[in-house]
>>> print(open('my_file-v1.txt').read())   # compact mmCIF, C-alpha atoms
# COMPACT_ATOMS: atom_id res chain seq x y z
CA MET J 1489 -2.58 13.67 -29.97
CA ILE J 1490 -2.07 12.32 -26.44
CA GLU J 1491 0.23 9.28 -26.53
CA GLN J 1492 0.49 8.31 -22.85
CA LEU J 1493 -2.56 7.01 -21.02
CA PRO J 1494 -3.32 8.58 -17.64
CA TYR J 1495 -2.65 6.56 -14.48
CA CYS J 1496 -6.33 5.59 -14.17
CA GLY J 1497 -6.54 4.57 -17.82
CA SER J 1498 -8.49 5.93 -20.74
CA ALA J 1499 -11.82 7.68 -20.23
CA PRO J 1500 -14.50 4.98 -19.82
CA VAL J 1501 -17.93 4.90 -21.43
CA PRO J 1502 -20.95 4.16 -19.21
CA GLY J 1503 -21.26 0.49 -20.20
CA GLU J 1504 -17.74 -0.46 -19.13
CA LEU J 1505 -17.36 1.55 -15.92
CA LEU J 1506 -18.16 -1.22 -13.44
CA SER J 1507 -15.33 -3.34 -14.83
CA ARG J 1508 -12.73 -0.60 -14.45
CA PHE J 1509 -11.25 -1.25 -11.00
CA ASN J 1510 -7.70 -0.02 -10.38
CA LEU J 1511 -5.79 -3.11 -9.23
CA ASP J 1512 -2.34 -1.55 -9.26
CA PRO J 1513 -0.32 -3.88 -6.95
CA VAL J 1514 2.03 -1.10 -5.84
CA LEU J 1515 -0.93 1.06 -4.76
CA ILE J 1516 -2.57 -1.84 -2.90
CA VAL J 1517 0.64 -2.75 -1.06
CA VAL J 1518 1.32 0.87 -0.05
CA LEU J 1519 -2.23 1.31 1.24
CA LEU J 1520 -1.98 -1.94 3.21
CA ILE J 1521 1.32 -0.83 4.75
CA PHE J 1522 -0.10 2.54 5.83
CA ALA J 1523 -3.33 1.02 7.15
CA THR J 1524 -1.57 -1.77 9.05
CA SER J 1525 1.05 0.56 10.55
CA HIS J 1526 -1.61 3.01 11.65
CA HIS J 1527 -3.74 0.26 13.15
CA ILE J 1528 -0.80 -1.02 15.19
CA THR J 1529 0.22 2.40 16.51
CA ALA J 1530 -3.27 3.81 17.08
CA ASP J 1531 -4.64 3.70 20.61
CA PRO J 1532 -7.28 3.25 22.01
CA THR J 1533 -9.73 0.97 20.15
CA ARG J 1534 -11.85 3.90 18.94
CA ALA J 1535 -8.81 5.39 17.24
CA ARG J 1536 -8.12 2.07 15.52
CA VAL J 1537 -11.67 1.94 14.20
CA SER J 1538 -11.34 5.50 12.90
CA ALA J 1539 -8.01 4.70 11.23
CA ALA J 1540 -9.38 1.54 9.62
CA ALA J 1541 -12.42 3.40 8.31
CA GLY J 1542 -10.30 6.26 6.97
CA TRP J 1543 -7.83 4.06 5.12
CA GLY J 1544 -10.65 1.85 3.84
CA ILE J 1545 -12.43 4.86 2.35
CA ALA J 1546 -9.17 6.13 0.85
CA ALA J 1547 -8.60 2.72 -0.72
CA ALA J 1548 -12.10 2.76 -2.19
CA ALA J 1549 -11.48 6.20 -3.71
CA PHE J 1550 -8.32 4.98 -5.46
CA ILE J 1551 -9.25 1.39 -6.35
CA SER J 1552 -12.93 1.67 -7.30
CA PRO J 1553 -14.12 2.64 -10.81
CA LEU J 1554 -14.17 6.24 -9.55
CA CYS J 1555 -10.48 6.33 -10.51
CA ALA J 1556 -11.31 5.51 -14.14
CA LEU J 1557 -14.30 7.86 -14.16
CA SER J 1558 -12.00 10.71 -13.10
CA SER J 1559 -10.25 10.33 -16.47
CA ALA J 1560 -13.53 11.20 -18.16
CA LEU J 1561 -15.15 13.73 -15.83
CA PHE J 1562 -13.74 16.66 -13.87
CA SER J 1563 -16.64 16.26 -11.45
CA ALA J 1564 -15.54 12.67 -10.75
CA ARG J 1565 -11.98 13.83 -10.02
CA VAL J 1566 -13.30 16.49 -7.64
CA GLY J 1567 -15.62 13.92 -6.08
CA GLN J 1568 -12.62 11.67 -5.50
CA HIS J 1569 -10.76 14.57 -3.90
CA MET J 1570 -13.69 15.43 -1.65
CA ILE J 1571 -13.98 11.81 -0.47
CA LEU J 1572 -10.29 11.86 0.40
CA LEU J 1573 -10.20 15.34 1.96
CA LEU J 1574 -13.57 15.50 3.72
CA VAL J 1575 -14.18 11.88 4.72
CA ALA J 1576 -10.98 9.81 4.77
CA ALA J 1577 -8.62 12.55 5.98
CA PRO J 1578 -10.64 13.52 9.11
CA LEU J 1579 -11.03 9.86 10.12
CA ILE J 1580 -7.31 9.21 9.72
CA ALA J 1581 -6.42 12.48 11.46
CA ARG J 1582 -8.54 11.63 14.51
CA ALA J 1583 -6.47 8.48 15.01
CA LEU J 1584 -3.06 10.09 14.59
CA PRO J 1585 -0.93 10.51 17.72
CA ARG J 1586 0.09 14.05 18.57
CA MET J 1587 3.80 14.69 18.23
CA PRO J 1588 5.53 16.39 21.20
CA GLY J 1589 6.11 20.06 20.48
CA CYS J 1590 3.53 20.18 17.64
CA GLN J 1591 0.69 21.77 19.57
CA GLY J 1592 1.57 25.36 18.78
CA THR J 1593 -0.06 27.93 16.54
CA TRP J 1594 2.68 27.57 13.93
CA SER J 1595 1.75 23.96 13.14
CA LEU J 1596 -1.91 24.92 12.67
CA TRP J 1597 -1.19 27.73 10.23
CA ALA J 1598 1.56 25.80 8.47
CA SER J 1599 -0.83 22.93 7.73
CA ALA J 1600 -3.61 25.33 6.69
CA GLY J 1601 -1.17 27.13 4.38
CA ALA J 1602 0.08 23.88 2.86
CA PHE J 1603 -3.48 22.75 2.19
CA PHE J 1604 -4.35 26.11 0.61
CA VAL J 1605 -1.36 25.95 -1.75
CA ALA J 1606 -1.99 22.31 -2.71
CA LEU J 1607 -5.71 22.80 -3.33
CA TRP J 1608 -5.35 25.86 -5.56
CA PHE J 1609 -2.20 24.73 -7.36
CA TRP J 1610 -3.58 21.35 -8.40
CA HIS J 1611 -6.85 22.83 -9.64
CA MET J 1612 -5.14 25.34 -11.89
CA PRO J 1613 -5.52 24.27 -15.54
CA GLY J 1614 -1.82 23.60 -16.26
CA PRO J 1615 -0.94 21.44 -13.22
CA TYR J 1616 -4.33 19.69 -13.37
CA ASP J 1617 -3.94 18.70 -17.02
CA ALA J 1618 -0.38 17.52 -16.34
CA THR J 1619 -1.69 14.82 -13.96
CA PHE J 1620 -3.17 12.97 -16.94
CA THR J 1621 0.08 12.73 -18.87
CA SER J 1622 2.46 11.80 -16.02
CA THR J 1623 1.94 9.16 -13.34
CA ALA J 1624 4.54 10.88 -11.15
CA VAL J 1625 2.63 14.17 -11.33
CA TYR J 1626 -0.65 12.35 -10.63
CA TRP J 1627 0.71 10.86 -7.43
CA TRP J 1628 2.48 14.05 -6.39
CA MET J 1629 -0.90 15.78 -6.60
CA HIS J 1630 -2.59 13.19 -4.39
CA VAL J 1631 0.25 12.93 -1.88
CA THR J 1632 0.37 16.70 -1.34
CA LEU J 1633 -3.41 17.18 -1.30
CA PHE J 1634 -4.25 14.17 0.87
CA GLY J 1635 -1.21 14.62 3.10
CA SER J 1636 -1.83 18.30 3.79
CA GLY J 1637 -5.51 17.52 4.35
CA ILE J 1638 -4.68 14.91 7.00
CA LEU J 1639 -2.31 17.29 8.79
CA LEU J 1640 -4.86 20.11 8.73
CA TRP J 1641 -7.63 17.92 10.10
CA ARG J 1642 -5.34 16.74 12.91
CA GLU J 1643 -4.93 20.38 13.93
CA LEU J 1644 -8.68 21.06 13.66
CA LEU J 1645 -9.80 17.94 15.53
CA GLN J 1646 -7.01 17.40 18.09
CA HIS J 1647 -6.37 20.65 19.88
CA ARG J 1648 -6.44 22.02 23.40
CA PRO J 1649 -9.46 24.14 24.33
CA ALA J 1650 -7.12 27.12 24.79
CA ARG J 1651 -6.41 27.08 21.04
CA THR J 1652 -10.08 27.16 20.01
CA ILE J 1653 -10.02 30.72 18.62
CA ASP J 1654 -7.03 29.99 16.39
CA VAL J 1655 -8.59 26.73 15.23
CA LEU J 1656 -11.90 28.43 14.43
CA ALA J 1657 -10.07 31.10 12.42
CA ALA J 1658 -8.04 28.55 10.46
CA GLY J 1659 -11.11 26.40 9.80
CA ALA J 1660 -13.18 29.40 8.68
CA LEU J 1661 -10.46 30.64 6.31
CA THR J 1662 -9.99 27.14 4.89
CA SER J 1663 -13.72 26.78 4.32
CA MET J 1664 -13.86 30.20 2.65
CA GLN J 1665 -10.96 29.58 0.28
CA MET J 1666 -12.30 26.14 -0.61
CA GLY J 1667 -15.74 27.62 -1.23
CA LEU J 1668 -14.21 30.41 -3.31
CA LEU J 1669 -12.45 27.92 -5.56
CA GLY J 1670 -15.69 25.97 -5.90
CA ALA J 1671 -17.53 29.17 -6.83
CA VAL J 1672 -14.91 30.09 -9.44
CA LEU J 1673 -15.35 26.69 -11.06
CA THR J 1674 -19.14 26.80 -10.82
CA PHE J 1675 -19.59 30.26 -12.35
CA ALA J 1676 -16.84 30.09 -14.98
CA ARG J 1677 -18.16 31.02 -18.42
CA ARG J 1678 -16.00 28.50 -20.28
CA PRO J 1679 -14.26 25.17 -19.61
CA LEU J 1680 -10.86 25.67 -17.99
CA TYR J 1681 -9.33 22.22 -18.45
CA PHE J 1682 -8.06 21.13 -21.85
CA TRP J 1683 -8.04 17.44 -20.92
CA HIS J 1684 -11.82 17.34 -20.45
CA LEU J 1685 -12.41 18.91 -23.85
CA LEU J 1686 -11.00 15.62 -25.17
CA SER J 1687 -12.34 13.15 -22.61
CA ALA J 1688 -15.82 12.68 -24.10
CA THR J 1689 -17.87 14.12 -21.26
CA THR J 1690 -20.82 14.01 -23.69
CA ALA J 1691 -20.86 10.21 -23.28
CA TRP J 1692 -22.06 10.98 -19.75
CA ASP J 1693 -24.66 13.53 -20.96
CA LEU J 1694 -22.57 16.48 -19.79
CA THR J 1695 -20.83 19.23 -21.70
CA PRO J 1696 -17.32 20.08 -20.48
CA LEU J 1697 -18.69 23.26 -18.90
CA GLN J 1698 -21.54 21.46 -17.12
CA ASP J 1699 -19.08 18.85 -15.86
CA GLN J 1700 -16.81 21.59 -14.51
CA GLN J 1701 -19.73 23.38 -12.83
CA LEU J 1702 -20.86 20.16 -11.18
CA GLY J 1703 -17.33 19.66 -9.84
CA GLY J 1704 -17.39 23.20 -8.46
CA VAL J 1705 -20.59 22.44 -6.54
CA PHE J 1706 -19.05 19.24 -5.14
CA MET J 1707 -16.16 21.32 -3.80
CA TRP J 1708 -18.24 24.25 -2.60
CA VAL J 1709 -21.10 22.80 -0.54
CA PRO J 1710 -19.72 19.72 1.33
CA GLY J 1711 -16.61 21.58 2.47
CA ILE J 1712 -18.63 24.34 4.09
CA LEU J 1713 -20.82 21.84 5.95
CA LEU J 1714 -17.94 19.74 7.28
CA PHE J 1715 -15.86 22.70 8.45
CA LEU J 1716 -18.99 24.05 10.18
CA TRP J 1717 -19.30 20.71 12.01
CA ALA J 1718 -15.64 20.97 13.06
CA ALA J 1719 -16.22 24.50 14.39
CA ILE J 1720 -19.25 23.40 16.41
CA ARG J 1721 -17.26 20.47 17.78
CA SER J 1722 -14.43 22.79 18.89
CA LEU J 1723 -16.86 25.18 20.58
CA ASP J 1724 -18.53 22.28 22.37
CA ARG J 1725 -15.16 21.09 23.69
CA LEU J 1726 -14.34 24.61 24.86
CA TRP J 1727 -17.70 24.89 26.63
CA SER J 1728 -17.15 21.52 28.34
CA ALA J 1729 -13.72 22.66 29.51
CA LEU J 1730 -15.13 25.90 30.91
CA GLU J 1731 -17.91 24.00 32.68
CA GLY J 1732 -15.28 21.71 34.20
CA VAL J 1733 -13.37 24.73 35.54
CA LYS J 1734 -16.54 26.15 37.10
CA THR J 1735 -17.41 22.92 38.88
CA ALA J 1736 -13.83 22.25 40.06
>>> encode(input="my_file-v1.txt", output="structure tokens")
Amino acid sequence: MIEQLPYCGSAPVPGELLSRFNLDPVLIVVLLIFATSHHITADPTRARVSAAAGWGIAAAAFISPLCALSSALFSARVGQHMILLLVAAPLIARALPRMPGCQGTWSLWASAGAFFVALWFWHMPGPYDATFTSTAVYWWMHVTLFGSGILLWRELLQHRPARTIDVLAAGALTSMQMGLLGAVLTFARRPLYFWHLLSATTAWDLTPLQDQQLGGVFMWVPGILLFLWAAIRSLDRLWSALEGVKTA
């Protein structure tokens, strides 16, 4: 018997979902501090718009009923992660200032490695299930996943044309490992997560295995598409730089 409720509360049933907003004052204050600080330091105006959009989307992922739904459905938890990693993180990363001395290859591969470790570790059955019985573990998961995602996207979106090959390689490997994890979840023959055997996925017309497979698809397909966009963007910047050299 599970005695402690997860951070997002008990698994909701369909009729009560829209009333299950997460109004944790600590969360709201922390998000406001990050968003305000980023808005003040971001420059120019376009970066401020990107930062505001990124933090607004992150706030929606944590505060909206999606938080409660993630207690019931693995696919909702993965959907929350994909919103954070594939929408909010790139927007925030675009508005981050580059730190002096952090333009080398080591920072790219360090961030890609950190994201790889965080993504796979937190989707292993043991660590994943632990996030429902400990608020500290829940937030450690999101801080490491979201934080490493922001750092990786900064490397993929803010780089010199000379580093395009390294960036394409890191982006391709990240897309492949993310797709591989999604495929493992999609084609698994049995449910992997004990928590969702108890979270009444049937109330949402899904078996635990169907829920897990849906989450795998959410991780598999959008990640490939967004990393492909990032690769095309990098190649376009390289081409523009080469054209500028030719016309100089």
>>> atom_distance(input="my_file-v1.txt", atom1="atom CA of J:Leu1607", atom2="atom CA of J:Phe1620")
17.0 Å
>>> residues_around(input="my_file-v1.txt", residues="J:Phe1675", least_positions_apart="4", cutoff="12 Å", atoms="all atoms listed in the file", output="PDB file with C-alpha atoms, in the frame of the given file")
ATOM      1  CA  LEU J1668     -14.210  30.410  -3.310  1.00  0.00           C
ATOM      2  CA  LEU J1669     -12.450  27.920  -5.560  1.00  0.00           C
ATOM      3  CA  GLY J1670     -15.690  25.970  -5.900  1.00  0.00           C
ATOM      4  CA  ALA J1671     -17.530  29.170  -6.830  1.00  0.00           C
ATOM      5  CA  PRO J1679     -14.260  25.170 -19.610  1.00  0.00           C
ATOM      6  CA  LEU J1680     -10.860  25.670 -17.990  1.00  0.00           C
ATOM      7  CA  LEU J1697     -18.690  23.260 -18.900  1.00  0.00           C
ATOM      8  CA  GLN J1698     -21.540  21.460 -17.120  1.00  0.00           C
ATOM      9  CA  ASP J1699     -19.080  18.850 -15.860  1.00  0.00           C
ATOM     10  CA  GLN J1700     -16.810  21.590 -14.510  1.00  0.00           C
ATOM     11  CA  GLN J1701     -19.730  23.380 -12.830  1.00  0.00           C
ATOM     12  CA  LEU J1702     -20.860  20.160 -11.180  1.00  0.00           C
ATOM     13  CA  GLY J1703     -17.330  19.660  -9.840  1.00  0.00           C
ATOM     14  CA  GLY J1704     -17.390  23.200  -8.460  1.00  0.00           C
ATOM     15  CA  VAL J1705     -20.590  22.440  -6.540  1.00  0.00           C
ATOM     16  CA  TRP J1708     -18.240  24.250  -2.600  1.00  0.00           C
TER      17      TRP J1708
END
>>> atom_distance(input="my_file-v1.txt", atom1="atom CA of J:Ile1551", atom2="atom CA of J:Tyr1681")
24.1 Å
>>> residues_around(input="my_file-v1.txt", residues="J:Ala1540", least_positions_apart="3", cutoff="8 Å", atoms="all atoms listed in the file", output="ChimeraX atom specification")
/J:1523,1527,1536-1537,1543-1544,1580
>>> closest_residue(input="my_file-v1.txt", among="J:Ala1576, J:Leu1584, J:Ala1530, J:Ala1499", to="J:Leu1645", atoms="all atoms listed in the file")
J:Leu1584
>>> closest_residue(input="my_file-v1.txt", among="J:Met1612, J:Leu1644, J:Ala1539, J:Leu1557", to="J:Gly1503", atoms="only C-alpha atoms")
J:Leu1557
>>> build_atoms(input="my_file-v1.txt", residues="stretch 1567-1584 of chain J", atoms="N, CA and C atoms", output="short mmCIF file (atom, residue, chain, number, x, y, z; two decimals), in the coordinates of the input")
data_model
loop_
_atom_site.label_atom_id
_atom_site.label_comp_id
_atom_site.auth_asym_id
_atom_site.auth_seq_id
_atom_site.Cartn_x
_atom_site.Cartn_y
_atom_site.Cartn_z
N GLY J 1567 -14.95 14.80 -7.03
CA GLY J 1567 -15.62 13.92 -6.08
C GLY J 1567 -14.64 13.01 -5.36
N GLN J 1568 -13.66 12.48 -6.11
CA GLN J 1568 -12.62 11.67 -5.50
C GLN J 1568 -11.83 12.47 -4.47
N HIS J 1569 -11.49 13.71 -4.83
CA HIS J 1569 -10.76 14.57 -3.90
C HIS J 1569 -11.57 14.87 -2.65
N MET J 1570 -12.86 15.11 -2.80
CA MET J 1570 -13.69 15.43 -1.65
C MET J 1570 -13.85 14.22 -0.73
N ILE J 1571 -13.93 13.02 -1.30
CA ILE J 1571 -13.98 11.81 -0.47
C ILE J 1571 -12.70 11.69 0.35
N LEU J 1572 -11.57 11.95 -0.29
CA LEU J 1572 -10.29 11.86 0.40
C LEU J 1572 -10.14 12.95 1.45
N LEU J 1573 -10.48 14.19 1.09
CA LEU J 1573 -10.20 15.34 1.96
C LEU J 1573 -11.24 15.56 3.04
N LEU J 1574 -12.49 15.19 2.78
CA LEU J 1574 -13.57 15.50 3.72
C LEU J 1574 -14.12 14.29 4.45
N VAL J 1575 -13.71 13.09 4.04
CA VAL J 1575 -14.18 11.88 4.72
C VAL J 1575 -12.99 11.07 5.25
N ALA J 1576 -12.11 10.64 4.34
CA ALA J 1576 -10.98 9.81 4.77
C ALA J 1576 -10.00 10.57 5.65
N ALA J 1577 -9.63 11.78 5.24
CA ALA J 1577 -8.62 12.55 5.98
C ALA J 1577 -9.03 12.83 7.43
N PRO J 1578 -10.27 13.31 7.70
CA PRO J 1578 -10.64 13.52 9.11
C PRO J 1578 -10.61 12.25 9.95
N LEU J 1579 -11.05 11.12 9.36
CA LEU J 1579 -11.03 9.86 10.12
C LEU J 1579 -9.60 9.44 10.45
N ILE J 1580 -8.72 9.55 9.47
CA ILE J 1580 -7.31 9.21 9.72
C ILE J 1580 -6.70 10.17 10.73
N ALA J 1581 -7.00 11.47 10.58
CA ALA J 1581 -6.42 12.48 11.46
C ALA J 1581 -6.83 12.27 12.92
N ARG J 1582 -8.07 11.86 13.14
CA ARG J 1582 -8.54 11.63 14.51
C ARG J 1582 -7.74 10.55 15.21
N ALA J 1583 -7.20 9.61 14.42
CA ALA J 1583 -6.47 8.48 15.01
C ALA J 1583 -4.97 8.69 15.05
N LEU J 1584 -4.49 9.84 14.57
CA LEU J 1584 -3.06 10.09 14.59
C LEU J 1584 -2.61 10.52 15.98
#
